[in-house]
file run_25.pdb (PDB, C-alpha atoms and all ligand atoms)
ATOM      1  CA  MET A  57     162.867 -25.778-148.362
ATOM      2  CA  ILE A  58     161.537 -22.446-147.096
ATOM      3  CA  LEU A  59     158.913 -22.575-144.359
ATOM      4  CA  TYR A  60     156.779 -19.930-142.702
ATOM      5  CA  LEU A  61     156.635 -19.656-138.920
ATOM      6  CA  ASN A  62     155.156 -16.757-136.963
ATOM      7  CA  GLY A  63     155.858 -13.956-139.404
ATOM      8  CA  LYS A  64     159.209 -15.274-140.687
ATOM      9  CA  PHE A  65     160.248 -17.182-143.791
ATOM     10  CA  SER A  66     163.143 -19.518-142.922
ATOM     11  CA  GLU A  67     165.107 -22.470-144.191
ATOM     12  CA  PHE A  68     163.970 -25.847-142.866
ATOM     13  CA  ASP A  69     167.064 -26.326-140.659
ATOM     14  CA  LYS A  70     166.848 -22.825-139.154
ATOM     15  CA  ILE A  71     163.322 -23.114-137.873
ATOM     16  CA  LYS A  72     162.739 -23.517-134.137
ATOM     17  CA  ILE A  73     159.569 -24.257-132.183
ATOM     18  CA  SER A  74     159.367 -24.290-128.399
ATOM     19  CA  PRO A  75     158.847 -27.693-126.750
ATOM     20  CA  TYR A  76     156.271 -25.831-124.655
ATOM     21  CA  ASP A  77     154.212 -25.163-127.726
ATOM     22  CA  ARG A  78     150.756 -26.490-126.911
ATOM     23  CA  GLY A  79     150.600 -28.096-130.329
ATOM     24  CA  PHE A  80     153.571 -30.261-129.339
ATOM     25  CA  LEU A  81     152.367 -30.977-125.798
ATOM     26  CA  PHE A  82     148.609 -31.335-126.262
ATOM     27  CA  ALA A  83     147.887 -31.339-130.026
ATOM     28  CA  ASP A  84     146.131 -28.093-129.074
ATOM     29  CA  GLY A  85     145.667 -26.735-132.569
ATOM     30  CA  VAL A  86     143.972 -27.006-135.930
ATOM     31  CA  TYR A  87     145.106 -27.305-139.539
ATOM     32  CA  GLU A  88     144.145 -27.095-143.189
ATOM     33  CA  ALA A  89     145.490 -28.785-146.311
ATOM     34  CA  ILE A  90     144.918 -26.756-149.474
ATOM     35  CA  ARG A  91     146.094 -27.231-153.057
ATOM     36  CA  THR A  92     146.521 -25.253-156.238
ATOM     37  CA  TYR A  93     145.209 -25.872-159.739
ATOM     38  CA  HIS A  94     146.949 -23.821-162.415
ATOM     39  CA  LYS A  95     148.947 -22.215-159.611
ATOM     40  CA  LYS A  96     145.816 -20.742-157.997
ATOM     41  CA  LEU A  97     144.522 -21.851-154.617
ATOM     42  CA  PHE A  98     141.492 -24.097-155.075
ATOM     43  CA  ARG A  99     138.404 -23.176-153.031
ATOM     44  CA  HIS A 100     140.495 -20.872-150.881
ATOM     45  CA  GLU A 101     137.405 -19.230-149.351
ATOM     46  CA  ASP A 102     135.953 -22.577-148.289
ATOM     47  CA  HIS A 103     139.241 -23.561-146.638
ATOM     48  CA  LEU A 104     139.448 -20.214-144.829
ATOM     49  CA  GLN A 105     135.879 -20.527-143.598
ATOM     50  CA  ARG A 106     136.580 -24.017-142.296
ATOM     51  CA  LEU A 107     139.776 -22.822-140.629
ATOM     52  CA  LYS A 108     137.867 -20.029-138.887
ATOM     53  CA  ARG A 109     135.233 -22.509-137.731
ATOM     54  CA  SER A 110     137.900 -24.866-136.352
ATOM     55  CA  LEU A 111     139.671 -21.982-134.567
ATOM     56  CA  ASN A 112     136.400 -20.779-133.037
ATOM     57  CA  ALA A 113     135.459 -24.282-131.966
ATOM     58  CA  ILE A 114     138.635 -24.661-129.905
ATOM     59  CA  ARG A 115     138.656 -20.995-128.853
ATOM     60  CA  ILE A 116     141.925 -19.867-130.418
ATOM     61  CA  ASN A 117     141.865 -16.137-131.084
ATOM     62  CA  PHE A 118     143.493 -15.547-134.419
ATOM     63  CA  ASN A 119     142.171 -12.638-136.429
ATOM     64  CA  GLU A 120     144.686 -12.645-139.237
ATOM     65  CA  THR A 121     143.270 -15.326-141.507
ATOM     66  CA  ASP A 122     143.040 -12.717-144.289
ATOM     67  CA  THR A 123     146.844 -12.430-144.384
ATOM     68  CA  LEU A 124     147.393 -16.131-145.030
ATOM     69  CA  GLU A 125     146.736 -16.128-148.779
ATOM     70  CA  LYS A 126     149.594 -13.711-149.460
ATOM     71  CA  ILE A 127     151.978 -15.737-147.297
ATOM     72  CA  ILE A 128     151.056 -18.946-149.127
ATOM     73  CA  TYR A 129     151.714 -17.431-152.578
ATOM     74  CA  LYS A 130     155.053 -16.075-151.362
ATOM     75  CA  LEU A 131     156.001 -19.537-150.086
ATOM     76  CA  ILE A 132     155.062 -21.098-153.427
ATOM     77  CA  GLU A 133     157.296 -18.570-155.178
ATOM     78  CA  GLU A 134     160.195 -18.910-152.725
ATOM     79  CA  ASN A 135     160.134 -22.686-153.024
ATOM     80  CA  LYS A 136     159.975 -22.574-156.837
ATOM     81  CA  ILE A 137     157.117 -25.060-156.937
ATOM     82  CA  LYS A 138     157.123 -26.374-160.511
ATOM     83  CA  ASN A 139     153.673 -27.780-161.004
ATOM     84  CA  GLU A 140     150.962 -27.685-158.375
ATOM     85  CA  ALA A 141     151.422 -27.057-154.666
ATOM     86  CA  LEU A 142     150.078 -28.819-151.600
ATOM     87  CA  ILE A 143     149.896 -26.381-148.705
ATOM     88  CA  TYR A 144     149.891 -27.401-145.048
ATOM     89  CA  LEU A 145     148.796 -24.753-142.562
ATOM     90  CA  GLN A 146     148.706 -25.264-138.812
ATOM     91  CA  ILE A 147     147.729 -22.923-135.999
ATOM     92  CA  THR A 148     148.249 -23.879-132.364
ATOM     93  CA  ARG A 149     147.404 -22.063-129.144
ATOM     94  CA  GLY A 150     151.095 -21.117-128.812
ATOM     95  CA  ALA A 151     153.819 -21.777-126.263
ATOM     96  CA  ALA A 152     153.351 -21.391-122.497
ATOM     97  CA  PHE A 153     155.243 -22.521-119.408
ATOM     98  CA  PRO A 154     154.431 -24.338-117.160
ATOM     99  CA  ARG A 155     152.478 -27.128-118.843
ATOM    100  CA  THR A 156     148.856 -26.908-117.724
ATOM    101  CA  HIS A 157     145.865 -28.515-119.370
ATOM    102  CA  ASN A 158     143.702 -25.407-119.053
ATOM    103  CA  PHE A 159     144.366 -22.455-121.357
ATOM    104  CA  PRO A 160     147.433 -20.467-120.194
ATOM    105  CA  GLU A 161     146.480 -17.612-117.861
ATOM    106  CA  GLU A 162     148.805 -15.223-119.616
ATOM    107  CA  LYS A 163     147.720 -14.607-123.162
ATOM    108  CA  THR A 164     149.821 -16.557-125.681
ATOM    109  CA  SER A 165     150.139 -15.738-129.347
ATOM    110  CA  PRO A 166     149.120 -18.560-131.625
ATOM    111  CA  THR A 167     151.882 -20.407-133.471
ATOM    112  CA  VAL A 168     151.289 -20.200-137.206
ATOM    113  CA  PHE A 169     153.164 -22.668-139.377
ATOM    114  CA  ILE A 170     152.834 -23.042-143.156
ATOM    115  CA  SER A 171     154.693 -25.289-145.587
ATOM    116  CA  VAL A 172     154.308 -25.984-149.285
ATOM    117  CA  GLN A 173     155.448 -28.940-151.347
ATOM    118  CA  ASP A 174     155.090 -30.229-154.889
ATOM    119  CA  LEU A 175     151.842 -32.112-155.134
ATOM    120  CA  ASN A 176     152.188 -35.688-156.288
ATOM    121  CA  ILE A 177     148.951 -37.046-157.660
ATOM    122  CA  LYS A 178     148.999 -40.767-158.329
ATOM    123  CA  LYS A 179     147.218 -40.766-161.684
ATOM    124  CA  GLU A 180     147.025 -44.565-161.813
ATOM    125  CA  GLU A 181     144.842 -44.524-158.677
ATOM    126  CA  HIS A 182     142.194 -42.597-160.598
ATOM    127  CA  LEU A 183     142.248 -45.148-163.396
ATOM    128  CA  LYS A 184     142.605 -48.359-161.437
ATOM    129  CA  GLY A 185     141.127 -47.421-158.095
ATOM    130  CA  ILE A 186     142.391 -48.455-154.676
ATOM    131  CA  LYS A 187     141.727 -50.975-151.944
ATOM    132  CA  VAL A 188     140.415 -49.703-148.596
ATOM    133  CA  ILE A 189     140.012 -51.422-145.246
ATOM    134  CA  LEU A 190     137.292 -50.901-142.638
ATOM    135  CA  GLN A 191     138.330 -49.821-139.154
ATOM    136  CA  GLU A 192     136.365 -49.071-136.026
ATOM    137  CA  ASP A 193     135.949 -45.304-135.625
ATOM    138  CA  VAL A 194     137.543 -44.676-132.246
ATOM    139  CA  ARG A 195     137.978 -40.934-132.826
ATOM    140  CA  TRP A 196     136.441 -38.275-130.572
ATOM    141  CA  LEU A 197     132.976 -36.829-131.133
ATOM    142  CA  ARG A 198     134.151 -33.562-132.761
ATOM    143  CA  CYS A 199     135.418 -34.861-136.088
ATOM    144  CA  ASP A 200     133.951 -31.700-137.663
ATOM    145  CA  ILE A 201     136.915 -29.776-136.195
ATOM    146  CA  LYS A 202     140.087 -30.117-138.274
ATOM    147  CA  SER A 203     142.157 -30.839-135.186
ATOM    148  CA  ILE A 204     145.855 -31.762-135.325
ATOM    149  CA  SER A 205     145.095 -34.503-132.800
ATOM    150  CA  LEU A 206     145.174 -37.310-135.357
ATOM    151  CA  LEU A 207     146.386 -40.425-133.552
ATOM    152  CA  PRO A 208     143.402 -42.651-134.456
ATOM    153  CA  ALA A 209     143.792 -41.565-138.091
ATOM    154  CA  VAL A 210     147.552 -42.269-137.964
ATOM    155  CA  LEU A 211     147.033 -45.771-136.544
ATOM    156  CA  ALA A 212     144.208 -46.618-138.946
ATOM    157  CA  ASN A 213     146.248 -45.367-141.874
ATOM    158  CA  GLN A 214     149.223 -47.473-140.866
ATOM    159  CA  LYS A 215     146.931 -50.550-140.717
ATOM    160  CA  ALA A 216     145.826 -49.695-144.257
ATOM    161  CA  VAL A 217     149.425 -49.490-145.491
ATOM    162  CA  GLU A 218     150.191 -52.845-143.867
ATOM    163  CA  ALA A 219     147.160 -54.341-145.646
ATOM    164  CA  ASN A 220     148.305 -52.904-149.009
ATOM    165  CA  ALA A 221     145.375 -50.531-148.976
ATOM    166  CA  GLY A 222     145.221 -46.838-149.825
ATOM    167  CA  GLU A 223     142.858 -45.736-147.085
ATOM    168  CA  ALA A 224     141.135 -46.850-143.886
ATOM    169  CA  ILE A 225     137.391 -46.220-143.711
ATOM    170  CA  PHE A 226     135.872 -45.656-140.290
ATOM    171  CA  VAL A 227     132.760 -47.424-139.017
ATOM    172  CA  ARG A 228     130.945 -46.132-135.919
ATOM    173  CA  ASN A 229     128.090 -48.192-134.497
ATOM    174  CA  GLY A 230     127.704 -49.986-137.805
ATOM    175  CA  LEU A 231     127.596 -46.773-139.856
ATOM    176  CA  ILE A 232     130.309 -45.592-142.235
ATOM    177  CA  THR A 233     131.449 -42.134-141.256
ATOM    178  CA  GLU A 234     134.460 -41.232-143.450
ATOM    179  CA  GLY A 235     138.029 -42.196-144.242
ATOM    180  CA  SER A 236     141.052 -41.465-142.038
ATOM    181  CA  ARG A 237     141.803 -38.474-144.310
ATOM    182  CA  THR A 238     139.011 -38.569-146.896
ATOM    183  CA  ASN A 239     135.232 -38.568-147.233
ATOM    184  CA  PHE A 240     133.518 -41.758-148.398
ATOM    185  CA  PHE A 241     130.825 -42.198-151.060
ATOM    186  CA  ALA A 242     128.817 -45.173-152.355
ATOM    187  CA  VAL A 243     126.494 -45.486-155.350
ATOM    188  CA  LYS A 244     123.344 -47.589-155.712
ATOM    189  CA  ASN A 245     120.578 -47.347-158.338
ATOM    190  CA  ASN A 246     122.380 -44.364-159.901
ATOM    191  CA  THR A 247     122.115 -42.466-156.592
ATOM    192  CA  VAL A 248     125.173 -41.220-154.737
ATOM    193  CA  PHE A 249     125.247 -41.649-150.945
ATOM    194  CA  THR A 250     127.541 -40.068-148.381
ATOM    195  CA  ALA A 251     127.342 -39.517-144.612
ATOM    196  CA  PRO A 252     125.419 -36.375-143.585
ATOM    197  CA  LEU A 253     127.322 -33.420-142.112
ATOM    198  CA  SER A 254     127.481 -33.666-138.327
ATOM    199  CA  ASN A 255     130.033 -33.828-135.520
ATOM    200  CA  LEU A 256     130.996 -37.296-136.818
ATOM    201  CA  ILE A 257     132.701 -36.221-140.048
ATOM    202  CA  LEU A 258     134.783 -33.439-141.528
ATOM    203  CA  ASP A 259     132.955 -31.068-143.839
ATOM    204  CA  GLY A 260     135.243 -31.932-146.762
ATOM    205  CA  ILE A 261     135.668 -29.287-149.446
ATOM    206  CA  THR A 262     136.013 -31.960-152.147
ATOM    207  CA  ARG A 263     132.849 -33.611-150.776
ATOM    208  CA  LYS A 264     131.079 -30.294-151.278
ATOM    209  CA  VAL A 265     132.411 -29.982-154.841
ATOM    210  CA  VAL A 266     131.239 -33.531-155.629
ATOM    211  CA  LEU A 267     127.713 -32.778-154.384
ATOM    212  CA  GLU A 268     127.696 -29.611-156.514
ATOM    213  CA  LEU A 269     128.741 -31.707-159.508
ATOM    214  CA  CYS A 270     125.928 -34.187-158.801
ATOM    215  CA  LYS A 271     123.490 -31.284-159.012
ATOM    216  CA  GLU A 272     125.026 -29.993-162.234
ATOM    217  CA  LEU A 273     124.992 -33.452-163.821
ATOM    218  CA  GLU A 274     121.514 -34.207-162.451
ATOM    219  CA  ILE A 275     122.749 -37.232-160.556
ATOM    220  CA  ASN A 276     120.593 -37.967-157.504
ATOM    221  CA  TYR A 277     122.377 -37.840-154.188
ATOM    222  CA  ARG A 278     121.465 -38.431-150.580
ATOM    223  CA  GLU A 279     123.353 -37.371-147.488
ATOM    224  CA  GLU A 280     122.533 -40.525-145.543
ATOM    225  CA  PHE A 281     124.656 -42.963-143.614
ATOM    226  CA  ILE A 282     125.799 -46.094-145.417
ATOM    227  CA  LYS A 283     125.562 -49.163-143.157
ATOM    228  CA  ALA A 284     128.692 -51.300-143.160
ATOM    229  CA  ASP A 285     126.488 -54.417-143.310
ATOM    230  CA  ASP A 286     124.783 -53.117-146.459
ATOM    231  CA  LEU A 287     127.962 -52.335-148.403
ATOM    232  CA  LYS A 288     127.368 -55.220-150.804
ATOM    233  CA  THR A 289     124.060 -53.687-151.900
ATOM    234  CA  TYR A 290     125.998 -50.763-153.458
ATOM    235  CA  ASN A 291     127.930 -51.141-156.675
ATOM    236  CA  GLU A 292     130.364 -48.220-156.760
ATOM    237  CA  PHE A 293     132.507 -46.542-154.150
ATOM    238  CA  PHE A 294     134.910 -43.652-154.069
ATOM    239  CA  ILE A 295     136.761 -41.407-151.631
ATOM    240  CA  THR A 296     137.444 -37.677-151.885
ATOM    241  CA  SER A 297     139.976 -35.212-150.536
ATOM    242  CA  THR A 298     142.098 -32.260-151.546
ATOM    243  CA  ALA A 299     145.070 -34.503-152.262
ATOM    244  CA  LYS A 300     143.211 -37.557-153.603
ATOM    245  CA  GLU A 301     140.520 -35.648-155.541
ATOM    246  CA  ILE A 302     137.984 -38.357-156.483
ATOM    247  CA  THR A 303     139.610 -41.766-156.141
ATOM    248  CA  PRO A 304     137.618 -44.894-157.044
ATOM    249  CA  VAL A 305     137.523 -47.728-154.502
ATOM    250  CA  VAL A 306     137.693 -51.160-156.111
ATOM    251  CA  GLN A 307     138.236 -53.365-153.067
ATOM    252  CA  ILE A 308     136.886 -53.186-149.504
ATOM    253  CA  ASP A 309     138.764 -55.533-147.179
ATOM    254  CA  ASN A 310     138.686 -58.839-149.094
ATOM    255  CA  TRP A 311     135.686 -57.968-151.265
ATOM    256  CA  LYS A 312     136.651 -57.132-154.847
ATOM    257  CA  VAL A 313     134.011 -54.673-155.983
ATOM    258  CA  LYS A 314     135.361 -53.991-159.453
ATOM    259  CA  GLU A 315     138.214 -55.121-161.633
ATOM    260  CA  ASN A 316     140.602 -52.179-161.628
ATOM    261  CA  SER A 317     138.326 -49.465-162.947
ATOM    262  CA  ALA A 318     135.968 -46.747-161.777
ATOM    263  CA  GLY A 319     132.216 -47.401-161.920
ATOM    264  CA  LYS A 320     129.946 -45.492-164.312
ATOM    265  CA  ILE A 321     128.825 -42.711-161.959
ATOM    266  CA  THR A 322     132.281 -42.403-160.387
ATOM    267  CA  GLY A 323     133.719 -42.057-163.898
ATOM    268  CA  LEU A 324     131.252 -39.302-164.772
ATOM    269  CA  LEU A 325     132.059 -37.388-161.596
ATOM    270  CA  LEU A 326     135.797 -37.825-162.097
ATOM    271  CA  GLN A 327     135.531 -36.496-165.640
ATOM    272  CA  ALA A 328     133.397 -33.540-164.542
ATOM    273  CA  PHE A 329     135.769 -32.804-161.656
ATOM    274  CA  HIS A 330     138.801 -32.727-163.949
ATOM    275  CA  HIS A 331     136.898 -30.574-166.411
ATOM    276  CA  LYS A 332     136.084 -28.124-163.599
ATOM    277  CA  VAL A 333     139.689 -27.758-162.484
ATOM    278  CA  SER A 334     141.342 -27.868-165.918
TER     279      SER A 334
HETATM  280  N1  LIG B   1     142.443 -34.489-145.047
HETATM  281  N2  LIG B   1     137.886 -36.287-143.772
HETATM  282  C1  LIG B   1     139.017 -36.215-143.049
HETATM  283  C2  LIG B   1     139.064 -36.901-141.727
HETATM  284  C3  LIG B   1     140.127 -35.506-143.540
HETATM  285  O1  LIG B   1     141.257 -35.419-142.805
HETATM  286  C4  LIG B   1     140.047 -34.886-144.825
HETATM  287  C5  LIG B   1     141.189 -34.062-145.382
HETATM  288  C6  LIG B   1     138.844 -35.001-145.554
HETATM  289  C7  LIG B   1     138.674 -34.373-146.900
HETATM  290  O2  LIG B   1     138.600 -32.972-146.822
HETATM  291  P1  LIG B   1     138.971 -32.044-148.061
HETATM  292  O3  LIG B   1     138.164 -32.521-149.229
HETATM  293  O4  LIG B   1     138.562 -30.677-147.618
HETATM  294  O5  LIG B   1     140.438 -32.197-148.294
HETATM  295  C8  LIG B   1     137.786 -35.694-144.989
HETATM  296  C9  LIG B   1     143.563 -33.681-145.420
HETATM  297  C10 LIG B   1     143.768 -33.587-146.880
HETATM  298  C11 LIG B   1     144.786 -34.154-144.655
HETATM  299  O6  LIG B   1     144.608 -34.579-143.520
HETATM  300  O7  LIG B   1     145.892 -34.046-145.162
END

call {"tool": "encode", "arguments": {"input": "run_25.pdb", "output": "structure tokens"}}
result
Amino acid sequence: MILYLNGKFSEFDKIKISPYDRGFLFADGVYEAIRTYHKKLFRHEDHLQRLKRSLNAIRINFNETDTLEKIIYKLIEENKIKNEALIYLQITRGAAFPRTHNFPEEKTSPTVFISVQDLNIKKEEHLKGIKVILQEDVRWLRCDIKSISLLPAVLANQKAVEANAGEAIFVRNGLITEGSRTNFFAVKNNTVFTAPLSNLILDGITRKVVLELCKELEINYREEFIKADDLKTYNEFFITSTAKEITPVVQIDNWKVKENSAGKITGLLLQAFHHKVS
């Protein structure tokens, strides 16, 4: 596997990162996950915008975001990706000794790491849907930043795996925010609901595409919080992300919402989404 690190393309076992990299020591960095459809980056501009916002928010000076696209396509070529690619891109504040919490006094150059892999979409999840579990949202109050500091998401996700679920959905003060790595949607009276954009959720690109599709299909939608206590008043649920696209949710904790199939509105959106990217 060929990886990109700080201007160089190298084999996996040749790549070296300093233990003083602030990403390693403090999770002092941000990331993006992007994918291709028909070998072209999907919503590349949106991902770049979000990356720039994340970098600004944590005050990393990196002015070369325009060079990233070329690097990604070269990596896809070098790695001979057969079908579609999933791209992981991470930028940290760089390496500095000694370890100090405050930004290093001497200017560091950001560490830029990019990898690509074959994207594995679990088609059966789209047809049959998945189970999710609810978890208390113990993350920080800047979930709008795509920070590499992901411990609460890691722990919640592991709980989901142990409960035979595909995702953990976070609840903060009784309100559903989002999944550990996805946005969350519910449907009631033919209206689609999802949490409003704020510091409590990530501005998901797939979320944005879904809301655009609602407009195109004339499906009503509201960016309003869904209360965990009211879940049973909704009749369809789904999650969205770059890797999971639109995935129906058929079970929440022990409540079986649907028997192994997407609801009507979810089905329409899924169909429209696949039409858009095909
Ligand atoms: N996760 N919410 C969170 C907390 C996420 O981590 C993600 C993405 C999303 C969906 O965003 P998008 O539609 O732009 O992929 C929502 C990525 C895929 C990850 O962590 O790998």

call {"tool": "resolve_selection", "arguments": {"input": "run_25.pdb", "expression": "the PyMOL selection byres (((chain A and resi 255) around 10) and not hetatm)", "output": "list in words"}}
result
Trp196, Leu197, Arg198, Cys199, Asp200, Ile201, Pro252, Leu253, Ser254, Leu256, Ile257, Leu258 and Asp259 of chain A

call {"tool": "resolve_selection", "arguments": {"input": "run_25.pdb", "expression": "the PyMOL selection byres (((chain A and resi 300) around 12) and not hetatm)", "output": "JSON list (two decimals) with C-alpha atoms, in the frame of the given file"}}
result
[["chain", "number", "residue", "atom", "x", "y", "z"],
["A", 89, "ALA", "CA", 145.49, -28.78, -146.31],
["A", 90, "ILE", "CA", 144.92, -26.76, -149.47],
["A", 91, "ARG", "CA", 146.09, -27.23, -153.06],
["A", 142, "LEU", "CA", 150.08, -28.82, -151.60],
["A", 175, "LEU", "CA", 151.84, -32.11, -155.13],
["A", 176, "ASN", "CA", 152.19, -35.69, -156.29],
["A", 177, "ILE", "CA", 148.95, -37.05, -157.66],
["A", 178, "LYS", "CA", 149.00, -40.77, -158.33],
["A", 179, "LYS", "CA", 147.22, -40.77, -161.68],
["A", 180, "GLU", "CA", 147.02, -44.56, -161.81],
["A", 181, "GLU", "CA", 144.84, -44.52, -158.68],
["A", 182, "HIS", "CA", 142.19, -42.60, -160.60],
["A", 185, "GLY", "CA", 141.13, -47.42, -158.10],
["A", 186, "ILE", "CA", 142.39, -48.46, -154.68],
["A", 222, "GLY", "CA", 145.22, -46.84, -149.82],
["A", 223, "GLU", "CA", 142.86, -45.74, -147.08],
["A", 235, "GLY", "CA", 138.03, -42.20, -144.24],
["A", 237, "ARG", "CA", 141.80, -38.47, -144.31],
["A", 238, "THR", "CA", 139.01, -38.57, -146.90],
["A", 239, "ASN", "CA", 135.23, -38.57, -147.23],
["A", 240, "PHE", "CA", 133.52, -41.76, -148.40],
["A", 260, "GLY", "CA", 135.24, -31.93, -146.76],
["A", 261, "ILE", "CA", 135.67, -29.29, -149.45],
["A", 262, "THR", "CA", 136.01, -31.96, -152.15],
["A", 263, "ARG", "CA", 132.85, -33.61, -150.78],
["A", 294, "PHE", "CA", 134.91, -43.65, -154.07],
["A", 295, "ILE", "CA", 136.76, -41.41, -151.63],
["A", 296, "THR", "CA", 137.44, -37.68, -151.88],
["A", 297, "SER", "CA", 139.98, -35.21, -150.54],
["A", 298, "THR", "CA", 142.10, -32.26, -151.55],
["A", 299, "ALA", "CA", 145.07, -34.50, -152.26],
["A", 301, "GLU", "CA", 140.52, -35.65, -155.54],
["A", 302, "ILE", "CA", 137.98, -38.36, -156.48],
["A", 303, "THR", "CA", 139.61, -41.77, -156.14],
["A", 304, "PRO", "CA", 137.62, -44.89, -157.04],
["A", 305, "VAL", "CA", 137.52, -47.73, -154.50],
["A", 326, "LEU", "CA", 135.80, -37.83, -162.10],
["A", 329, "PHE", "CA", 135.77, -32.80, -161.66]]

call {"tool": "resolve_selection", "arguments": {"input": "run_25.pdb", "expression": "the PyMOL selection byres (((chain A and resi 98-107) around 10) and not hetatm)", "output": "PyMOL selection string"}}
result
chain A and resi 86-97+108-113+121-122+124-125+145-147+200-203+258-262+264-265+298+333

call {"tool": "write_last_selection", "arguments": {"input": "run_25.pdb", "atoms": "C-alpha atoms", "output": "mmCIF file, keeping the file's coordinate frame"}}
result
data_model
loop_
_atom_site.group_PDB
_atom_site.id
_atom_site.type_symbol
_atom_site.label_atom_id
_atom_site.label_comp_id
_atom_site.auth_asym_id
_atom_site.auth_seq_id
_atom_site.Cartn_x
_atom_site.Cartn_y
_atom_site.Cartn_z
ATOM 1 C CA VAL A 86 143.972 -27.006 -135.930
ATOM 2 C CA TYR A 87 145.106 -27.305 -139.539
ATOM 3 C CA GLU A 88 144.145 -27.095 -143.189
ATOM 4 C CA ALA A 89 145.490 -28.785 -146.311
ATOM 5 C CA ILE A 90 144.918 -26.756 -149.474
ATOM 6 C CA ARG A 91 146.094 -27.231 -153.057
ATOM 7 C CA THR A 92 146.521 -25.253 -156.238
ATOM 8 C CA TYR A 93 145.209 -25.872 -159.739
ATOM 9 C CA HIS A 94 146.949 -23.821 -162.415
ATOM 10 C CA LYS A 95 148.947 -22.215 -159.611
ATOM 11 C CA LYS A 96 145.816 -20.742 -157.997
ATOM 12 C CA LEU A 97 144.522 -21.851 -154.617
ATOM 13 C CA LYS A 108 137.867 -20.029 -138.887
ATOM 14 C CA ARG A 109 135.233 -22.509 -137.731
ATOM 15 C CA SER A 110 137.900 -24.866 -136.352
ATOM 16 C CA LEU A 111 139.671 -21.982 -134.567
ATOM 17 C CA ASN A 112 136.400 -20.779 -133.037
ATOM 18 C CA ALA A 113 135.459 -24.282 -131.966
ATOM 19 C CA THR A 121 143.270 -15.326 -141.507
ATOM 20 C CA ASP A 122 143.040 -12.717 -144.289
ATOM 21 C CA LEU A 124 147.393 -16.131 -145.030
ATOM 22 C CA GLU A 125 146.736 -16.128 -148.779
ATOM 23 C CA LEU A 145 148.796 -24.753 -142.562
ATOM 24 C CA GLN A 146 148.706 -25.264 -138.812
ATOM 25 C CA ILE A 147 147.729 -22.923 -135.999
ATOM 26 C CA ASP A 200 133.951 -31.700 -137.663
ATOM 27 C CA ILE A 201 136.915 -29.776 -136.195
ATOM 28 C CA LYS A 202 140.087 -30.117 -138.274
ATOM 29 C CA SER A 203 142.157 -30.839 -135.186
ATOM 30 C CA LEU A 258 134.783 -33.439 -141.528
ATOM 31 C CA ASP A 259 132.955 -31.068 -143.839
ATOM 32 C CA GLY A 260 135.243 -31.932 -146.762
ATOM 33 C CA ILE A 261 135.668 -29.287 -149.446
ATOM 34 C CA THR A 262 136.013 -31.960 -152.147
ATOM 35 C CA LYS A 264 131.079 -30.294 -151.278
ATOM 36 C CA VAL A 265 132.411 -29.982 -154.841
ATOM 37 C CA THR A 298 142.098 -32.260 -151.546
ATOM 38 C CA VAL A 333 139.689 -27.758 -162.484
#

call {"tool": "atom_distance", "arguments": {"input": "run_25.pdb", "atom1": "atom CA of Asp174 of chain A", "atom2": "atom CA of Ala141 of chain A"}}
result
4.9 Å

call {"tool": "atom_distance", "arguments": {"input": "run_25.pdb", "atom1": "atom CA of Asn117 of chain A", "atom2": "atom CA of Pro154 of chain A"}}
result
20.5 Å

call {"tool": "closest_residue", "arguments": {"input": "run_25.pdb", "among": "A:Tyr144, A:Phe153, A:Phe241, A:Phe169", "to": "ligand LIG 1 (chain B)", "atoms": "all atoms listed in the file"}}
result
A:Tyr144

call {"tool": "residues_around", "arguments": {"input": "run_25.pdb", "residues": "Ala221 of chain A", "least_positions_apart": "3", "cutoff": "7 Å", "atoms": "all atoms listed in the file", "output": "PDB file with C-alpha atoms, in the coordinates of the input"}}
result
ATOM      1  CA  ILE A 186     142.391 -48.455-154.676  1.00  0.00           C
ATOM      2  CA  LYS A 187     141.727 -50.975-151.944  1.00  0.00           C
ATOM      3  CA  VAL A 188     140.415 -49.703-148.596  1.00  0.00           C
ATOM      4  CA  ILE A 189     140.012 -51.422-145.246  1.00  0.00           C
ATOM      5  CA  ALA A 216     145.826 -49.695-144.257  1.00  0.00           C
ATOM      6  CA  VAL A 217     149.425 -49.490-145.491  1.00  0.00           C
TER       7      VAL A 217
END

call {"tool": "atom_distance", "arguments": {"input": "run_25.pdb", "atom1": "atom CA of Ile232 of chain A", "atom2": "atom CA of Phe82 of chain A"}}
result
28.2 Å

call {"tool": "decode", "arguments": {"input": "run_25.pdb", "residues": "segment 147-152 of chain A", "atoms": "N, CA and C atoms", "output": "short mmCIF file (atom, residue, chain, number, x, y, z; two decimals), in the first residue's frame"}}
result
data_model
loop_
_atom_site.label_atom_id
_atom_site.label_comp_id
_atom_site.auth_asym_id
_atom_site.auth_seq_id
_atom_site.Cartn_x
_atom_site.Cartn_y
_atom_site.Cartn_z
N ILE A 147 -4.65 16.08 8.98
CA ILE A 147 -3.64 17.13 9.13
C ILE A 147 -3.50 17.46 10.61
N THR A 148 -2.27 17.34 11.11
CA THR A 148 -2.03 17.67 12.52
C THR A 148 -1.15 18.92 12.61
N ARG A 149 -1.00 19.42 13.82
CA ARG A 149 -0.20 20.65 13.99
C ARG A 149 1.30 20.39 13.78
N GLY A 150 1.69 19.13 13.65
CA GLY A 150 3.10 18.81 13.38
C GLY A 150 3.83 18.36 14.63
N ALA A 151 5.13 18.11 14.46
CA ALA A 151 5.93 17.57 15.57
C ALA A 151 6.71 18.69 16.25
N ALA A 152 6.78 18.65 17.58
CA ALA A 152 7.57 19.65 18.32
C ALA A 152 8.01 19.07 19.65
#
